[in-house]
Every structure is written in structure tokens, then in C-alpha cells.
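Trainee: Below you will find the structure I want to go over with you.
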Amino acid sequence: MFDNFPLWPARASSTAGNVDALFIFLLIVSGMMTLLIFTAVVYFAARYRHRKGVPAEQVEGSTPLEITWSIIPLGVFMVIFAWGAVVYFKSRTPPRDATEVYVVAKQWMWKLEHAEGQREINELHVPVGRDVKLIMTSQDVIHSFYVPAFRVKQDVLPGRYTTLWFRAIKPGTYHLFCAEYCGTQHSGMIGDIVVQEPAQYEAWMSGGSGGPLSASGEKIFAELGCATCHRADSQGRGPNLLGVFGKPVQLEDGRIVGADENYVRESILDPGAKVVKGFKPVMPTFQGLVSEEQVNALVAYVKSLSQPGPGGVKTAALPASDGAPAKGSQVQ
């Protein structure tokens, strides 16, 4: 019904319908309440208007009426709260098997890199019917990744990762906007989400890349000499990174934190912020020495060290610190 209504964008994601339904419900409830209040104001203004010769009368309260107009709105508000909470938590919880894309926002463009290594600027190719998780950071100021047809929007912040996910349900090209004023050319920070059929997407993906993002991270890991301290035999001056991603990590001050993307990122750029128990704060900062794209690659590599291989066994390999070929390790 709304496909040809210019103020109603296309519904092209799995969450768009739920968002629209909640929004329409809010409009209906608000409209009904507005009409009810307006009608009551007009009625009481006419019914109890001042008239000459008619003395005023004291109107006593009604306990049943007061309970009714308290309970019914409370019930409506609880429905809105519960419905909104379900939509919110569903939209904020990416599926575990979602395809990951790293996004770097900068004045005034979107730089995107797939886990397979494909890079794009102001354009993102995704397959229809597949969950896609965006891991986003900003190179300068606050931006906001907004796709109206998907009903998704997420602020993109400098110095940390934020995430967003969607599942496109209709092939086509959909507008991407920056929804946060970010400078003089903010209105030009736009792009496209290109949703393709699986066969078309695989053909596009096979068009060539520099290899998986995790492989680029492994190369950077070796070039920076990280393997000198982060050794697979647990004898280095830094923690063993095999299997660490996604697990709880105990810190020197007694806290326990989760090893997610932001933890790995912070450990690269500000290693003294969270020191792992049993280790000294001897790691130098790489702030200013690595680009945002290189940080993304390093994060992808650390994540790959915890990915299950054949048979459900986690397989990974850390580069050897003495220049010898890296030996594979298995972490149960």
C-alpha cells in the first residue's frame, strides 16, 4: 500500500516490517489520544461553561474513573515498551554467523572492506537473504550510518567500534546516508547498498581481491614484530592470542572483560589500559603507527585465531618469532 507513497521508503530488510508496524501503532495511539482529549476539552468547555444565574456546583471525583484512566494508559504504554524492547534487542543483536564487513568513515566518504578482502568506497555489495554485520569506526569525527530502506541507523564513533546488522530481502540499490552533521560536505557523504542475488554476488566477489582481511592482518602482525612477544608457546612477554577472542580475560587489577573487537582494538592502540593478569605493561602503543584499515586487519587476524576449523577444533598459526615458518597450533 505504501510502495508508491513518497514519504514511506521501501521495506528492504527483515526488520523493516517490525519497525514500521511499531511506528504505525504509535501513530494510531497518538492520533486516538489526541482526538479523545480534543473531544473532551470541547465537551467540557461547552457543558460546564459559565452561565449567568446558574451557580457553580462542586464536582466530586470518581475512584473507578480515575483507576480506569490510569490502568488503561499504563497497559498501552507497557505494550509499547515491550514491543519496542523486542524490536530494539533484535536489531542490536547480530546473528553469530553473519558476514562481517569493516567500515571506516571519514570526511566525507565510506570505506568498506569485506572479510574476503574486497574493498569498496561509498558502495556496499551484499547478497539477498544473508545476515550482514558491519563493524564500524570513524577516522575523524562522529558520523552515522543510515539506510532508510533497511530501517537501520548507527552512530560511527572515532576511537572505538560500533556494530550494525541487517538482512536484505529484496534485490536492488538502496541509498546510504550519513545522518550526523559531520562538516561542510556532510550532505555529500552518501552511497549505495547494492543487494544482489546470491549467484550475482558470488560472481562479483570472485572479481579479485588482495586476499582475506585476516591474511593482511597476519602480514602486518609479522611486520610489526608482534610475534616476538605474543608466542604460541605461552613463553612470550605478551599473552598467547590463540583462542582468546570471544573469551573472558582477567586483568591485572582483578577485573574480567570480554575479548571483543573493541578490546583487541584498545589493546593495539592503548595497551596499558587493560593489562592481562600475569603480564607487565611493556607493550608499546601503535597509536599513529597503524591506519584504521590496518587496525581492522589486525583485529580480523586475532579473531581468525579463534575460529573453529574442521571437526570443531580451533586452528590457528602465529608467525614464528625467529623467522622460521610458523607452526600450526590447536586450541581445544
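Identifiers in the C-alpha cells: chain A, B, ... in order shown; residue index from 1 per chain; ligand index from 1 in order shown.
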Can you tell me which residues surround Val295 (chain A) at a distance of at most 10 Å, considering only C-alpha atoms, apart from same-chain residues fewer than 6 positions away, and format the answer as an MDAnalysis selection string?

Mentor: chainID A and resid 217 220 264:266 268:269 286:287 289 301

Trainee: Filtering to N, CA, C and O atoms, could you give me those residues as a compact mmCIF listing (two decimals), in the first residue's frame?

Mentor:
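For reference, part33.txt as written:
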```
# COMPACT_ATOMS: atom_id res chain seq x y z
N GLY A 217 46.07 -8.97 7.97
CA GLY A 217 46.40 -8.75 9.38
C GLY A 217 47.56 -9.60 9.85
O GLY A 217 48.40 -9.15 10.62
N ILE A 220 50.71 -7.92 8.67
CA ILE A 220 51.02 -6.74 9.49
C ILE A 220 51.51 -7.17 10.87
O ILE A 220 52.44 -6.58 11.43
N VAL A 264 40.32 -5.81 21.55
CA VAL A 264 41.51 -6.02 20.72
C VAL A 264 42.00 -4.68 20.17
O VAL A 264 43.21 -4.39 20.18
N ARG A 265 41.09 -3.84 19.73
CA ARG A 265 41.47 -2.53 19.20
C ARG A 265 42.18 -1.70 20.26
O ARG A 265 43.23 -1.10 20.01
N GLU A 266 41.61 -1.66 21.46
CA GLU A 266 42.21 -0.88 22.54
C GLU A 266 43.57 -1.44 22.93
O GLU A 266 44.50 -0.68 23.25
N ILE A 268 45.71 -2.70 21.01
CA ILE A 268 46.68 -2.29 19.99
C ILE A 268 47.07 -0.83 20.16
O ILE A 268 48.25 -0.46 20.12
N LEU A 269 46.07 0.01 20.37
CA LEU A 269 46.30 1.46 20.38
C LEU A 269 46.58 2.02 21.76
O LEU A 269 47.23 3.07 21.88
N PHE A 286 50.67 1.53 19.45
CA PHE A 286 50.78 1.66 18.00
C PHE A 286 49.88 2.78 17.48
O PHE A 286 49.61 2.85 16.29
N GLN A 287 49.43 3.63 18.42
CA GLN A 287 48.63 4.79 18.04
C GLN A 287 49.44 5.68 17.10
O GLN A 287 50.55 6.10 17.43
N LEU A 289 50.84 4.80 14.40
CA LEU A 289 51.75 4.00 13.59
C LEU A 289 51.01 3.10 12.62
O LEU A 289 51.61 2.63 11.64
N TYR A 301 42.59 -10.65 12.09
CA TYR A 301 43.55 -11.75 12.27
C TYR A 301 43.42 -12.38 13.65
O TYR A 301 43.40 -13.61 13.78
```

Trainee: Neighbours of Gly159 (chain A) within 12 Å (only C-alpha atoms; same-chain residues fewer than 6 positions away dropped), as a list in words?

Mentor: Val104, Ala105, Met136, Thr137, Ser138, Gln139, Asp140, Val141, Ile142, Glu261, Asn262, Tyr263, Arg265, Glu266, Ile268, Leu269, Asp270, Gln287, Gly288, Ser291, Glu292 and Val295 of chain A

Trainee: Would you mind exporting the chosen residues as an mmCIF file, in the first residue's frame, restricted to N, CA and C atoms?

Mentor:
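Listed below is the output, out-v8.cif:
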```
data_model
loop_
_atom_site.group_PDB
_atom_site.id
_atom_site.type_symbol
_atom_site.label_atom_id
_atom_site.label_comp_id
_atom_site.auth_asym_id
_atom_site.auth_seq_id
_atom_site.Cartn_x
_atom_site.Cartn_y
_atom_site.Cartn_z
ATOM 1 N N VAL A 104 35.097 2.091 7.648
ATOM 2 C CA VAL A 104 35.809 3.251 8.170
ATOM 3 C C VAL A 104 35.163 4.492 7.565
ATOM 4 N N ALA A 105 34.610 5.344 8.424
ATOM 5 C CA ALA A 105 34.002 6.586 7.969
ATOM 6 C C ALA A 105 35.026 7.717 8.103
ATOM 7 N N MET A 136 32.132 -0.882 12.600
ATOM 8 C CA MET A 136 32.386 0.453 12.092
ATOM 9 C C MET A 136 33.174 1.320 13.072
ATOM 10 N N THR A 137 34.020 2.180 12.506
ATOM 11 C CA THR A 137 34.727 3.185 13.292
ATOM 12 C C THR A 137 34.927 4.417 12.423
ATOM 13 N N SER A 138 35.240 5.528 13.051
ATOM 14 C CA SER A 138 35.443 6.778 12.332
ATOM 15 C C SER A 138 36.902 7.188 12.400
ATOM 16 N N GLN A 139 37.371 7.769 11.327
ATOM 17 C CA GLN A 139 38.754 8.229 11.250
ATOM 18 C C GLN A 139 38.904 9.655 11.779
ATOM 19 N N ASP A 140 37.777 10.378 11.923
ATOM 20 C CA ASP A 140 37.895 11.770 12.347
ATOM 21 C C ASP A 140 36.799 12.176 13.330
ATOM 22 N N VAL A 141 35.577 12.449 12.837
ATOM 23 C CA VAL A 141 34.507 12.940 13.700
ATOM 24 C C VAL A 141 33.383 11.913 13.766
ATOM 25 N N ILE A 142 32.314 12.250 14.479
ATOM 26 C CA ILE A 142 31.169 11.349 14.585
ATOM 27 C C ILE A 142 30.378 11.364 13.279
ATOM 28 N N GLU A 261 35.876 -7.034 19.717
ATOM 29 C CA GLU A 261 36.612 -6.195 18.777
ATOM 30 C C GLU A 261 37.177 -4.947 19.445
ATOM 31 N N ASN A 262 36.394 -4.331 20.330
ATOM 32 C CA ASN A 262 36.864 -3.117 20.985
ATOM 33 C C ASN A 262 38.022 -3.400 21.939
ATOM 34 N N TYR A 263 37.995 -4.571 22.587
ATOM 35 C CA TYR A 263 39.108 -4.931 23.472
ATOM 36 C C TYR A 263 40.399 -5.111 22.679
ATOM 37 N N ARG A 265 41.089 -3.845 19.726
ATOM 38 C CA ARG A 265 41.470 -2.533 19.201
ATOM 39 C C ARG A 265 42.183 -1.704 20.260
ATOM 40 N N GLU A 266 41.607 -1.662 21.465
ATOM 41 C CA GLU A 266 42.213 -0.880 22.540
ATOM 42 C C GLU A 266 43.573 -1.444 22.931
ATOM 43 N N ILE A 268 45.712 -2.697 21.007
ATOM 44 C CA ILE A 268 46.678 -2.290 19.994
ATOM 45 C C ILE A 268 47.065 -0.826 20.156
ATOM 46 N N LEU A 269 46.066 0.014 20.373
ATOM 47 C CA LEU A 269 46.297 1.457 20.378
ATOM 48 C C LEU A 269 46.583 2.022 21.761
ATOM 49 N N ASP A 270 46.099 1.358 22.808
ATOM 50 C CA ASP A 270 46.348 1.811 24.182
ATOM 51 C C ASP A 270 46.561 0.593 25.066
ATOM 52 N N GLN A 287 49.434 3.629 18.423
ATOM 53 C CA GLN A 287 48.632 4.785 18.036
ATOM 54 C C GLN A 287 49.443 5.680 17.105
ATOM 55 N N GLY A 288 48.896 5.983 15.924
ATOM 56 C CA GLY A 288 49.592 6.818 14.962
ATOM 57 C C GLY A 288 50.551 6.063 14.070
ATOM 58 N N SER A 291 47.210 2.542 10.457
ATOM 59 C CA SER A 291 45.984 3.197 9.997
ATOM 60 C C SER A 291 44.765 2.445 10.519
ATOM 61 N N GLU A 292 43.591 3.046 10.337
ATOM 62 C CA GLU A 292 42.358 2.374 10.751
ATOM 63 C C GLU A 292 42.178 1.066 9.989
ATOM 64 N N VAL A 295 44.393 -1.503 11.564
ATOM 65 C CA VAL A 295 43.827 -1.972 12.831
ATOM 66 C C VAL A 295 42.716 -2.984 12.562
#
```

Trainee: Excluding same-chain residues fewer than 4 positions from Ser214 (chain A), what lies within 9 Å of it counting only C-alpha atoms, as a list of chain:residue names?

Mentor: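 Everything that qualifies: A:Ala115, A:Glu116, A:Gly117, A:Glu218, A:Lys219, A:Asn296, A:Ala297, A:Leu298, A:Val299, A:Ala300, A:Tyr301, A:Val302, A:Lys303, A:Ser304.
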
Trainee: Once you have the residues from the selection above, write them out as a compact mmCIF listing (two decimals), in the first residue's frame, restricted to all heavy atoms.

Mentor:
```txt
# COMPACT_ATOMS: atom_id res chain seq x y z
N ALA A 115 35.38 -9.28 4.70
CA ALA A 115 36.30 -10.23 5.32
C ALA A 115 37.08 -11.00 4.27
O ALA A 115 38.22 -11.43 4.52
CB ALA A 115 35.52 -11.20 6.21
N GLU A 116 36.50 -11.15 3.07
CA GLU A 116 37.19 -11.85 1.99
C GLU A 116 38.26 -10.99 1.31
O GLU A 116 39.02 -11.49 0.50
CB GLU A 116 36.18 -12.31 0.94
CG GLU A 116 35.19 -13.35 1.44
CD GLU A 116 34.02 -12.73 2.18
OE1 GLU A 116 33.99 -11.49 2.35
OE2 GLU A 116 33.13 -13.50 2.61
N GLY A 117 38.28 -9.69 1.63
CA GLY A 117 39.32 -8.81 1.10
C GLY A 117 38.85 -7.78 0.10
O GLY A 117 39.60 -6.86 -0.24
N GLU A 218 47.63 -10.83 9.37
CA GLU A 218 48.74 -11.70 9.75
C GLU A 218 50.06 -11.13 9.25
O GLU A 218 51.08 -11.17 9.95
CB GLU A 218 48.51 -13.10 9.18
CG GLU A 218 49.61 -14.09 9.55
CD GLU A 218 49.32 -15.48 9.03
OE1 GLU A 218 48.35 -15.65 8.27
OE2 GLU A 218 50.08 -16.41 9.38
N LYS A 219 50.04 -10.58 8.05
CA LYS A 219 51.25 -9.97 7.49
C LYS A 219 51.68 -8.75 8.31
O LYS A 219 52.87 -8.59 8.64
CB LYS A 219 51.01 -9.57 6.04
CG LYS A 219 52.22 -8.97 5.36
CD LYS A 219 51.91 -8.62 3.91
CE LYS A 219 53.13 -7.97 3.23
NZ LYS A 219 52.83 -7.59 1.81
N ASN A 296 41.87 -2.70 11.58
CA ASN A 296 40.81 -3.64 11.22
C ASN A 296 41.39 -4.99 10.81
O ASN A 296 40.87 -6.05 11.18
CB ASN A 296 39.98 -3.08 10.08
CG ASN A 296 39.13 -1.88 10.49
OD1 ASN A 296 38.91 -1.66 11.68
ND2 ASN A 296 38.68 -1.13 9.52
N ALA A 297 42.47 -4.95 10.03
CA ALA A 297 43.10 -6.19 9.58
C ALA A 297 43.67 -6.97 10.76
O ALA A 297 43.56 -8.20 10.83
CB ALA A 297 44.18 -5.88 8.56
N LEU A 298 44.29 -6.26 11.70
CA LEU A 298 44.85 -6.94 12.89
C LEU A 298 43.74 -7.55 13.74
O LEU A 298 43.88 -8.67 14.24
CB LEU A 298 45.66 -5.94 13.71
CG LEU A 298 47.01 -5.52 13.13
CD1 LEU A 298 47.58 -4.33 13.89
CD2 LEU A 298 47.99 -6.69 13.16
N VAL A 299 42.64 -6.83 13.88
CA VAL A 299 41.51 -7.37 14.64
C VAL A 299 40.96 -8.62 13.95
O VAL A 299 40.67 -9.63 14.60
CB VAL A 299 40.41 -6.30 14.79
CG1 VAL A 299 39.14 -6.92 15.38
CG2 VAL A 299 40.89 -5.15 15.66
N ALA A 300 40.83 -8.56 12.62
CA ALA A 300 40.35 -9.72 11.87
C ALA A 300 41.29 -10.91 12.04
O ALA A 300 40.84 -12.07 12.14
CB ALA A 300 40.20 -9.37 10.40
N TYR A 301 42.59 -10.65 12.09
CA TYR A 301 43.55 -11.75 12.27
C TYR A 301 43.42 -12.38 13.65
O TYR A 301 43.40 -13.61 13.78
CB TYR A 301 44.97 -11.23 12.05
CG TYR A 301 46.03 -12.23 12.41
CD1 TYR A 301 46.09 -13.47 11.78
CD2 TYR A 301 46.98 -11.96 13.40
CE1 TYR A 301 47.06 -14.41 12.11
CE2 TYR A 301 47.95 -12.89 13.74
CZ TYR A 301 47.99 -14.11 13.09
OH TYR A 301 48.95 -15.04 13.42
N VAL A 302 43.32 -11.54 14.69
CA VAL A 302 43.17 -12.08 16.04
C VAL A 302 41.89 -12.89 16.15
O VAL A 302 41.85 -13.95 16.77
CB VAL A 302 43.20 -10.93 17.08
CG1 VAL A 302 42.89 -11.48 18.48
CG2 VAL A 302 44.56 -10.24 17.08
N LYS A 303 40.83 -12.42 15.50
CA LYS A 303 39.57 -13.17 15.50
C LYS A 303 39.73 -14.52 14.80
O LYS A 303 39.16 -15.53 15.23
CB LYS A 303 38.47 -12.36 14.83
CG LYS A 303 38.06 -11.12 15.60
CD LYS A 303 37.07 -10.27 14.83
CE LYS A 303 35.74 -10.95 14.67
NZ LYS A 303 34.74 -10.04 14.07
N SER A 304 40.53 -14.54 13.72
CA SER A 304 40.72 -15.78 12.98
C SER A 304 41.45 -16.83 13.80
O SER A 304 41.33 -18.03 13.54
CB SER A 304 41.49 -15.51 11.69
OG SER A 304 42.86 -15.21 11.95
```

Trainee: With distances taken over only C-alpha atoms, which of A:Val244, A:Val152, A:Ile121, A:Cys226 is nearest to Ile190 (chain A)?

Mentor: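 Checking each candidate against Ile190 (chain A), we get A:Ile121 as the closest.
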
Trainee: Which of these residues is nearest to His230 (chain A), using only C-alpha atoms: A:Leu157, A:Val195, A:Phe279, A:Ala259?

Mentor: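 Closest to His230 (chain A) of all the choices is A:Phe279.
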
Trainee: If we count only C-alpha atoms and set the cut-off at 12 Å, which residues sit around region 23-27 of chain A, ignoring sequence neighbours fewer than 4 positions away in its own chain? Please answer as a PDB file with C-alpha atoms, in the first residue's frame.

Mentor:
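Contents of part_6.pdb, as written:
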```pdb
ATOM      1  CA  PHE A   2       2.856   2.364   0.843  1.00  0.00           C
ATOM      2  CA  TRP A   8       7.320   5.953   3.015  1.00  0.00           C
ATOM      3  CA  ALA A  16      11.777  -3.083   8.407  1.00  0.00           C
ATOM      4  CA  GLY A  17       8.298  -4.569   8.798  1.00  0.00           C
ATOM      5  CA  ASN A  18       8.521  -4.744  12.608  1.00  0.00           C
ATOM      6  CA  VAL A  19       9.826  -1.181  12.835  1.00  0.00           C
ATOM      7  CA  GLY A  31      -3.971  10.092  16.992  1.00  0.00           C
ATOM      8  CA  MET A  32      -6.704   8.443  19.049  1.00  0.00           C
ATOM      9  CA  MET A  33      -5.499  10.086  22.255  1.00  0.00           C
ATOM     10  CA  THR A  34      -5.312  13.471  20.532  1.00  0.00           C
ATOM     11  CA  VAL A  76      -0.958   0.711  26.406  1.00  0.00           C
ATOM     12  CA  PHE A  77       2.430   2.083  27.456  1.00  0.00           C
ATOM     13  CA  VAL A  79       2.610  -2.800  25.245  1.00  0.00           C
ATOM     14  CA  ILE A  80       4.650  -0.073  23.543  1.00  0.00           C
ATOM     15  CA  PHE A  81       7.580  -0.698  25.912  1.00  0.00           C
ATOM     16  CA  TRP A  83       7.151  -4.226  21.656  1.00  0.00           C
ATOM     17  CA  GLY A  84       9.872  -1.594  21.361  1.00  0.00           C
ATOM     18  CA  VAL A  87      12.450  -4.704  18.184  1.00  0.00           C
ATOM     19  CA  ARG A 151      15.274   0.942   8.901  1.00  0.00           C
TER      20      ARG A 151
END
```

Trainee: As an MDAnalysis selection string, please: the residues near Thr163 (chain A) (cut-off 7 Å, only C-alpha atoms, same-chain neighbours under 5 positions excluded).

Mentor: chainID A and resid 133:136

Trainee: Would you return as a PyMOL selection string the members of region 91-257 of chain A that DSSP assigns to strand (DSSP E) on this structure's backbone?

Mentor: chain A and resi 99-106+109-114+119-121+123-127+131-138+143-147+152-156+162-167+172-178+190-196+248-250+256-257

Trainee: Any idea what the distance is between CA of Asp260 (chain A) and CA of Gly243 (chain A)?

Mentor: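 Taking CA of Asp260 (chain A) as the start and CA of Gly243 (chain A) as the end point, the length is 11.9 Å.
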
Trainee: Could you pull out the alpha helix (DSSP H) residues of region 31-105 of chain A, going by DSSP on the backbone, and write them as JSON, numbers by chain?

Mentor: {"A": [31, 32, 33, 34, 35, 36, 37, 38, 39, 40, 41, 42, 43, 44, 45, 46, 47, 63, 64, 65, 66, 67, 68, 69, 70, 71, 72, 73, 74, 75, 76, 77, 78, 79, 80, 81, 82, 83, 84, 85, 86, 87, 88, 89, 90, 91]}

Trainee: So that I can see what lies close to His114 (chain A), please list as JSON, numbers by chain the residues with an atom at most 8 Å from it, counting only C-alpha atoms and leaving out residues fewer than 4 positions away in the same chain.

Mentor: {"A": [100, 101, 102, 118, 119, 213]}

Trainee: Could the residues in this selection be written to a file with N, CA and C atoms, as a tab-separated table (two decimals), in the first residue's frame?

Mentor:
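Wrote selection-v9.tsv, looks like this:
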```
chain	number	residue	atom	x	y	z
A	100	GLU	N	30.79	-10.52	7.91
A	100	GLU	CA	31.33	-9.30	8.52
A	100	GLU	C	31.95	-8.38	7.47
A	101	VAL	N	31.67	-7.10	7.62
A	101	VAL	CA	32.24	-6.06	6.78
A	101	VAL	C	32.77	-4.96	7.70
A	102	TYR	N	34.02	-4.55	7.50
A	102	TYR	CA	34.60	-3.47	8.29
A	102	TYR	C	34.38	-2.15	7.56
A	118	GLN	N	37.63	-7.91	-0.41
A	118	GLN	CA	37.11	-6.94	-1.36
A	118	GLN	C	36.95	-5.58	-0.68
A	119	ARG	N	37.40	-4.52	-1.39
A	119	ARG	CA	37.29	-3.17	-0.85
A	119	ARG	C	36.35	-2.33	-1.71
A	213	LEU	N	40.99	-10.51	4.65
A	213	LEU	CA	41.43	-9.44	5.54
A	213	LEU	C	42.30	-9.99	6.67
```

Trainee: When you count only C-alpha atoms, which of these residues is closest to Gln107 (chain A): A:Pro55, A:Pro94, A:Pro158, A:Pro239?

Mentor: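 The answer is A:Pro158, which sits nearest to Gln107 (chain A).
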
Trainee: Record the distance separating CA of Glu180 (chain A) and CA of Lys153 (chain A), expressed in Å with one decimal.

Mentor: 10.3 Å

Trainee: Report, in Å to a single decimal, how far apart CA of Leu74 (chain A) and CA of Ala40 (chain A) are.

Mentor: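 Answer for the CA of Ala40 (chain A) to CA of Leu74 (chain A) separation: 19.8 Å.
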